[in-house]
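Trainee: Next comes the structure file input_20.cif, holding mmCIF, C-alpha atoms and all ligand atoms.
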data_query
#
loop_
_atom_site.group_PDB
_atom_site.id
_atom_site.type_symbol
_atom_site.label_atom_id
_atom_site.label_comp_id
_atom_site.auth_asym_id
_atom_site.auth_seq_id
_atom_site.Cartn_x
_atom_site.Cartn_y
_atom_site.Cartn_z
ATOM 1 C CA MET R 136 30.011 12.490 88.260
ATOM 2 C CA ASP R 137 30.588 9.023 89.671
ATOM 3 C CA LYS R 138 29.992 6.255 87.186
ATOM 4 C CA VAL R 139 26.643 4.505 87.589
ATOM 5 C CA ILE R 140 27.245 0.888 88.487
ATOM 6 C CA SER R 141 25.234 -1.125 85.987
ATOM 7 C CA SER R 142 25.562 -4.412 84.176
ATOM 8 C CA ASP R 143 23.474 -3.171 81.250
ATOM 9 C CA PRO R 144 26.012 -2.433 78.505
ATOM 10 C CA ARG R 145 23.794 0.297 77.044
ATOM 11 C CA ALA R 146 23.515 2.078 80.379
ATOM 12 C CA VAL R 147 27.283 1.790 80.864
ATOM 13 C CA ALA R 148 27.925 3.173 77.353
ATOM 14 C CA VAL R 149 25.544 6.104 77.891
ATOM 15 C CA ASP R 150 27.160 6.848 81.236
ATOM 16 C CA ASP R 151 30.647 6.715 79.647
ATOM 17 C CA ILE R 152 29.566 9.096 76.880
ATOM 18 C CA ILE R 153 27.992 11.614 79.285
ATOM 19 C CA ALA R 154 31.103 11.561 81.500
ATOM 20 C CA ALA R 155 33.412 11.942 78.453
ATOM 21 C CA GLY R 156 31.380 14.939 77.240
ATOM 22 C CA ARG R 157 31.773 16.655 80.592
ATOM 23 C CA ARG R 158 35.486 15.977 80.655
ATOM 24 C CA MET R 159 35.988 17.283 77.096
ATOM 25 C CA ASP R 160 33.921 20.367 77.962
ATOM 26 C CA ARG R 161 36.132 21.092 80.996
ATOM 27 C CA PHE R 162 39.063 21.525 78.625
ATOM 28 C CA GLY R 163 37.100 23.615 76.106
ATOM 29 C CA TRP R 164 37.259 20.946 73.379
ATOM 30 C CA VAL R 165 33.514 20.896 72.576
ATOM 31 C CA PRO R 166 32.399 24.537 72.137
ATOM 32 C CA ALA R 167 28.740 25.248 71.295
ATOM 33 C CA THR R 168 27.315 22.044 69.747
ATOM 34 C CA ALA R 169 30.713 20.812 68.494
ATOM 35 C CA GLY R 170 32.084 17.302 68.782
ATOM 36 C CA ASN R 171 30.697 13.810 68.983
ATOM 37 C CA ILE R 172 31.348 10.830 71.226
ATOM 38 C CA SER R 173 30.598 7.127 70.714
ATOM 39 C CA ARG R 174 30.949 3.645 72.217
ATOM 40 C CA ARG R 175 30.689 0.252 70.534
ATOM 41 C CA LEU R 176 27.959 -1.940 72.046
ATOM 42 C CA PRO R 177 28.354 -5.721 72.474
ATOM 43 C CA ASP R 178 25.619 -6.443 69.886
ATOM 44 C CA GLY R 179 27.559 -4.579 67.175
ATOM 45 C CA LEU R 180 25.498 -1.397 67.328
ATOM 46 C CA ILE R 181 27.081 1.952 68.212
ATOM 47 C CA ALA R 182 25.911 4.376 70.896
ATOM 48 C CA ILE R 183 26.655 7.939 69.751
ATOM 49 C CA THR R 184 25.733 11.500 70.630
ATOM 50 C CA ARG R 185 22.678 12.884 68.874
ATOM 51 C CA SER R 186 23.206 15.710 66.356
ATOM 52 C CA GLY R 187 23.259 19.123 68.052
ATOM 53 C CA GLY R 188 23.161 19.792 71.775
ATOM 54 C CA HIS R 189 26.044 20.667 74.067
ATOM 55 C CA LYS R 190 28.341 17.726 74.779
ATOM 56 C CA GLY R 191 29.159 19.065 78.223
ATOM 57 C CA MET R 192 25.496 18.936 79.233
ATOM 58 C CA LEU R 193 24.430 15.571 77.841
ATOM 59 C CA THR R 194 21.588 13.518 79.266
ATOM 60 C CA PRO R 195 20.679 9.929 78.265
ATOM 61 C CA HIS R 196 18.317 11.479 75.665
ATOM 62 C CA GLY R 197 21.385 12.928 73.942
ATOM 63 C CA VAL R 198 22.711 9.443 73.093
ATOM 64 C CA ILE R 199 21.204 7.377 70.271
ATOM 65 C CA GLU R 200 21.985 4.011 68.670
ATOM 66 C CA VAL R 201 23.098 3.523 65.089
ATOM 67 C CA THR R 202 24.089 0.562 62.954
ATOM 68 C CA MET R 203 27.608 0.108 61.598
ATOM 69 C CA ASP R 204 26.355 1.902 58.466
ATOM 70 C CA GLY R 205 25.438 4.949 60.543
ATOM 71 C CA ALA R 206 21.679 4.452 60.215
ATOM 72 C CA PRO R 207 19.589 5.250 63.319
ATOM 73 C CA VAL R 208 18.103 2.201 65.041
ATOM 74 C CA HIS R 209 15.043 4.132 66.220
ATOM 75 C CA ALA R 210 13.022 6.037 63.624
ATOM 76 C CA GLY R 211 13.185 9.777 64.169
ATOM 77 C CA ASP R 212 16.632 9.796 65.784
ATOM 78 C CA ARG R 213 18.984 12.114 63.921
ATOM 79 C CA PRO R 214 22.654 11.137 64.052
ATOM 80 C CA SER R 215 25.354 13.705 63.298
ATOM 81 C CA ALA R 216 26.673 13.595 59.726
ATOM 82 C CA GLU R 217 30.071 12.779 61.214
ATOM 83 C CA THR R 218 28.707 9.479 62.573
ATOM 84 C CA LEU R 219 30.113 7.843 59.425
ATOM 85 C CA LEU R 220 33.660 8.698 60.535
ATOM 86 C CA HIS R 221 33.041 6.888 63.825
ATOM 87 C CA CYS R 222 31.643 3.863 61.963
ATOM 88 C CA GLN R 223 34.701 3.826 59.710
ATOM 89 C CA ILE R 224 37.027 3.622 62.724
ATOM 90 C CA TYR R 225 35.023 0.800 64.367
ATOM 91 C CA ALA R 226 35.018 -1.137 61.085
ATOM 92 C CA ALA R 227 38.781 -0.721 60.629
ATOM 93 C CA PHE R 228 39.751 -1.596 64.226
ATOM 94 C CA PRO R 229 37.740 -4.462 65.745
ATOM 95 C CA ARG R 230 39.233 -3.829 69.208
ATOM 96 C CA THR R 231 38.220 -0.168 69.275
ATOM 97 C CA GLY R 232 35.489 0.457 71.847
ATOM 98 C CA ALA R 233 35.289 4.266 71.940
ATOM 99 C CA VAL R 234 35.768 7.163 69.490
ATOM 100 C CA LEU R 235 36.071 10.860 70.399
ATOM 101 C CA HIS R 236 35.843 13.925 68.192
ATOM 102 C CA GLY R 237 36.465 17.427 69.523
ATOM 103 C CA HIS R 238 37.085 20.938 68.193
ATOM 104 C CA SER R 239 39.958 22.373 70.246
ATOM 105 C CA VAL R 240 41.620 25.726 69.548
ATOM 106 C CA ALA R 241 45.042 24.087 69.109
ATOM 107 C CA SER R 242 43.896 21.419 66.621
ATOM 108 C CA THR R 243 41.877 24.006 64.678
ATOM 109 C CA VAL R 244 44.657 26.597 64.412
ATOM 110 C CA LEU R 245 47.622 24.259 63.868
ATOM 111 C CA SER R 246 45.849 22.255 61.171
ATOM 112 C CA MET R 247 45.133 25.483 59.267
ATOM 113 C CA LEU R 248 48.865 26.206 59.210
ATOM 114 C CA ALA R 249 49.942 22.631 58.367
ATOM 115 C CA GLY R 250 50.438 20.702 55.145
ATOM 116 C CA ASP R 251 49.263 17.095 55.023
ATOM 117 C CA ALA R 252 50.525 16.294 58.534
ATOM 118 C CA LEU R 253 51.713 17.709 61.842
ATOM 119 C CA VAL R 254 54.901 16.064 63.075
ATOM 120 C CA LEU R 255 55.321 16.020 66.848
ATOM 121 C CA SER R 256 58.712 15.122 68.291
ATOM 122 C CA GLY R 257 60.745 15.275 71.480
ATOM 123 C CA TYR R 258 57.799 15.292 73.869
ATOM 124 C CA GLU R 259 57.694 12.961 76.888
ATOM 125 C CA VAL R 260 53.922 12.626 76.420
ATOM 126 C CA LEU R 261 54.467 10.837 73.082
ATOM 127 C CA LYS R 262 54.832 7.688 75.220
ATOM 128 C CA VAL R 263 51.044 7.644 75.796
ATOM 129 C CA PHE R 264 50.649 6.355 72.244
ATOM 130 C CA GLU R 265 50.860 2.658 71.579
ATOM 131 C CA GLY R 266 54.231 1.349 70.520
ATOM 132 C CA GLN R 267 56.095 4.431 71.733
ATOM 133 C CA LYS R 268 58.693 3.405 74.299
ATOM 134 C CA THR R 269 60.622 6.633 74.291
ATOM 135 C CA HIS R 270 60.059 10.369 74.014
ATOM 136 C CA ASP R 271 62.917 10.424 71.509
ATOM 137 C CA ALA R 272 60.675 9.845 68.506
ATOM 138 C CA SER R 273 58.569 11.663 65.971
ATOM 139 C CA LEU R 274 54.929 10.876 65.433
ATOM 140 C CA ARG R 275 52.976 11.980 62.402
ATOM 141 C CA LEU R 276 49.442 13.291 62.813
ATOM 142 C CA PRO R 277 47.728 13.270 59.398
ATOM 143 C CA VAL R 278 45.752 16.391 58.418
ATOM 144 C CA PHE R 279 42.840 16.073 55.974
ATOM 145 C CA ASP R 280 41.048 18.952 54.270
ATOM 146 C CA ASN R 281 37.656 19.703 55.773
ATOM 147 C CA ASP R 282 34.711 18.510 53.699
ATOM 148 C CA GLN R 283 30.976 18.742 54.382
ATOM 149 C CA ASP R 284 30.596 15.610 52.222
ATOM 150 C CA ILE R 285 31.445 13.134 54.987
ATOM 151 C CA ALA R 286 31.420 10.073 52.707
ATOM 152 C CA ARG R 287 34.062 11.763 50.533
ATOM 153 C CA LEU R 288 36.065 12.727 53.624
ATOM 154 C CA ALA R 289 35.904 9.115 54.834
ATOM 155 C CA ARG R 290 37.276 7.966 51.461
ATOM 156 C CA ALA R 291 40.206 10.388 51.834
ATOM 157 C CA VAL R 292 40.938 9.089 55.343
ATOM 158 C CA ALA R 293 40.598 5.366 54.525
ATOM 159 C CA PRO R 294 44.006 4.657 52.900
ATOM 160 C CA HIS R 295 45.824 6.199 55.881
ATOM 161 C CA LEU R 296 43.894 4.615 58.771
ATOM 162 C CA ALA R 297 46.435 1.859 59.400
ATOM 163 C CA ASP R 298 49.186 4.387 60.099
ATOM 164 C CA MET R 299 47.680 6.806 62.604
ATOM 165 C CA PRO R 300 49.198 6.187 66.051
ATOM 166 C CA MET R 301 47.662 9.388 67.419
ATOM 167 C CA GLY R 302 44.463 9.647 65.358
ATOM 168 C CA TYR R 303 43.950 12.379 62.771
ATOM 169 C CA VAL R 304 42.938 16.007 62.299
ATOM 170 C CA ILE R 305 40.485 17.651 59.927
ATOM 171 C CA ARG R 306 41.797 21.035 58.847
ATOM 172 C CA GLY R 307 40.259 24.012 60.643
ATOM 173 C CA HIS R 308 37.887 21.604 62.346
ATOM 174 C CA GLY R 309 39.153 19.119 64.966
ATOM 175 C CA VAL R 310 40.591 15.752 65.955
ATOM 176 C CA TYR R 311 39.472 12.125 65.821
ATOM 177 C CA VAL R 312 40.940 9.831 68.479
ATOM 178 C CA TRP R 313 39.988 6.307 69.557
ATOM 179 C CA GLY R 314 40.859 3.562 72.032
ATOM 180 C CA ASP R 315 39.928 0.064 73.198
ATOM 181 C CA ASP R 316 37.675 1.605 75.847
ATOM 182 C CA MET R 317 36.571 5.081 76.884
ATOM 183 C CA ASP R 318 39.375 5.526 79.417
ATOM 184 C CA MET R 319 41.997 4.739 76.786
ATOM 185 C CA ALA R 320 40.364 7.002 74.205
ATOM 186 C CA LEU R 321 40.223 9.878 76.708
ATOM 187 C CA ALA R 322 43.860 9.353 77.739
ATOM 188 C CA ARG R 323 44.926 9.438 74.102
ATOM 189 C CA LEU R 324 42.832 12.539 73.409
ATOM 190 C CA GLU R 325 44.277 14.266 76.451
ATOM 191 C CA GLY R 326 47.807 13.315 75.387
ATOM 192 C CA LEU R 327 47.277 14.550 71.846
ATOM 193 C CA GLU R 328 45.636 17.815 72.920
ATOM 194 C CA PHE R 329 48.485 18.432 75.373
ATOM 195 C CA LEU R 330 50.982 17.990 72.524
ATOM 196 C CA LEU R 331 49.030 20.291 70.208
ATOM 197 C CA ALA R 332 48.717 22.945 72.937
ATOM 198 C CA CYS R 333 52.515 22.759 73.507
ATOM 199 C CA GLU R 334 53.152 23.031 69.785
ATOM 200 C CA LEU R 335 50.923 26.100 69.543
ATOM 201 C CA GLU R 336 52.727 27.756 72.493
ATOM 202 C CA LYS R 337 56.126 27.001 70.909
ATOM 203 C CA ARG R 338 55.105 28.652 67.669
ATOM 204 C CA LYS R 339 53.809 31.713 69.512
ATOM 205 C CA ILE R 340 57.129 32.138 71.314
ATOM 206 C CA ARG R 341 59.077 31.738 68.050
ATOM 207 C CA ALA R 342 56.879 34.251 66.214
HETATM 208 ZN ZN ZN R 401 33.209 18.194 64.047
#
Translate the structure of the given file into structure tokens.
Mentor:
Amino acid sequence: MDKVISSDPRAVAVDDIIAAGRRMDRFGWVPATAGNISRRLPDGLIAITRSGGHKGMLTPHGVIEVTMDGAPVHAGDRPSAETLLHCQIYAAFPRTGAVLHGHSVASTVLSMLAGDALVLSGYEVLKVFEGQKTHDASLRLPVFDNDQDIARLARAVAPHLADMPMGYVIRGHGVYVWGDDMDMALARLEGLEFLLACELEKRKIRA
């Protein structure tokens, strides 16, 4: 879908989120009602996907506004429990404008086999991540145990946020990736998912 040309930041954010959902769905990263997608708004609020619903078939109704504490702006709107993880990223990184969360096969499977991190090295695509000038490097992708208590999960993530060049993974669940704007967040997600898919293929061949 072509982007709607609009000067209304809310309309632009909603359009970005709908387009991101379709792109993530094309790759199979948001099965069933999985995943959530958000954008920071200029007034400090956050536009984020409503709980439930397929992220590949979003309409403007599927996007709600929450405060930086994750509370819905409009009574009756139900944000996903994972909204708090988006808020945490926006609070930690003032330049971050978009956060993506998906449930890919590669991130789900590899994180179930990993310890507290997945180390990715030798891949050309590593250069998509900030500060990486060469493929000849190793990047560490932290893995956190899944937890339905999202506030507790956020507390586990917090001490490591400053050292996550690629984002992070929740074990058996999916990835969190962010960027200054939606294009950057999507590029980083695509880069990370490419690396995880390669890693999964490598392990299959070795097995
Ligand atoms: Zn999830």
Trainee: Write out as an MDAnalysis selection string the residues lying within 8 Å of range 280-284 of chain R, counting all atoms listed in the file and excluding same-chain residues fewer than 6 positions away.
Mentor: chainID R and resid 305:308
Trainee: Within 7 Å of ligand ZN 401 (chain R), which residues show up when you count only C-alpha atoms and all ligand atoms? List them as JSON, numbers by chain, please.
Mentor: {"R": [169, 170, 217, 236, 237, 238, 308, 309]}
Trainee: Export, as an mmCIF file, in the coordinates of the input, the selected residues with C-alpha atoms.
Mentor:
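Below you can see result_19.cif, which holds the result:
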data_model
loop_
_atom_site.group_PDB
_atom_site.id
_atom_site.type_symbol
_atom_site.label_atom_id
_atom_site.label_comp_id
_atom_site.auth_asym_id
_atom_site.auth_seq_id
_atom_site.Cartn_x
_atom_site.Cartn_y
_atom_site.Cartn_z
ATOM 1 C CA ALA R 169 30.713 20.812 68.494
ATOM 2 C CA GLY R 170 32.084 17.302 68.782
ATOM 3 C CA GLU R 217 30.071 12.779 61.214
ATOM 4 C CA HIS R 236 35.843 13.925 68.192
ATOM 5 C CA GLY R 237 36.465 17.427 69.523
ATOM 6 C CA HIS R 238 37.085 20.938 68.193
ATOM 7 C CA HIS R 308 37.887 21.604 62.346
ATOM 8 C CA GLY R 309 39.153 19.119 64.966
#
Trainee: For this file, the PyMOL selection byres (((chain R and resi 246) around 8) and not hetatm) selects which residues, as a list in words?
Mentor: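 On this input, the PyMOL selection byres (((chain R and resi 246) around 8) and not hetatm) captures Ser242, Thr243, Val244, Leu245, Met247, Leu248, Ala249, Gly250, Leu253, Val278, Val304, Ile305, Arg306 and Gly307 of chain R.
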Trainee: I'd like the residues picked by the PyMOL selection byres (((chain R and resi 316-322) around 7) and not hetatm) written out as number ranges by chain, using the chain letters and numbers from the file.
Mentor: R: 151, 231-235, 312-315, 323-326
Trainee: Nearest residue to Ala167 in chain R out of R:Ala227, R:Ala146, R:Ile181, R:Met192, using only C-alpha atoms?
Mentor: R:Met192
Trainee: Can you measure CA of Arg287 in chain R to CA of Gly188 in chain R for me? One decimal in Å is fine.
Mentor: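 These atoms are spaced 25.2 Å apart.
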Trainee: Which of these, R:Ile285, R:Met299, R:Cys333, R:Val240, has the shortest distance to Phe162 in chain R once you count only C-alpha atoms?
Mentor: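 Among the listed residues, the smallest separation from Phe162 in chain R belongs to R:Val240.
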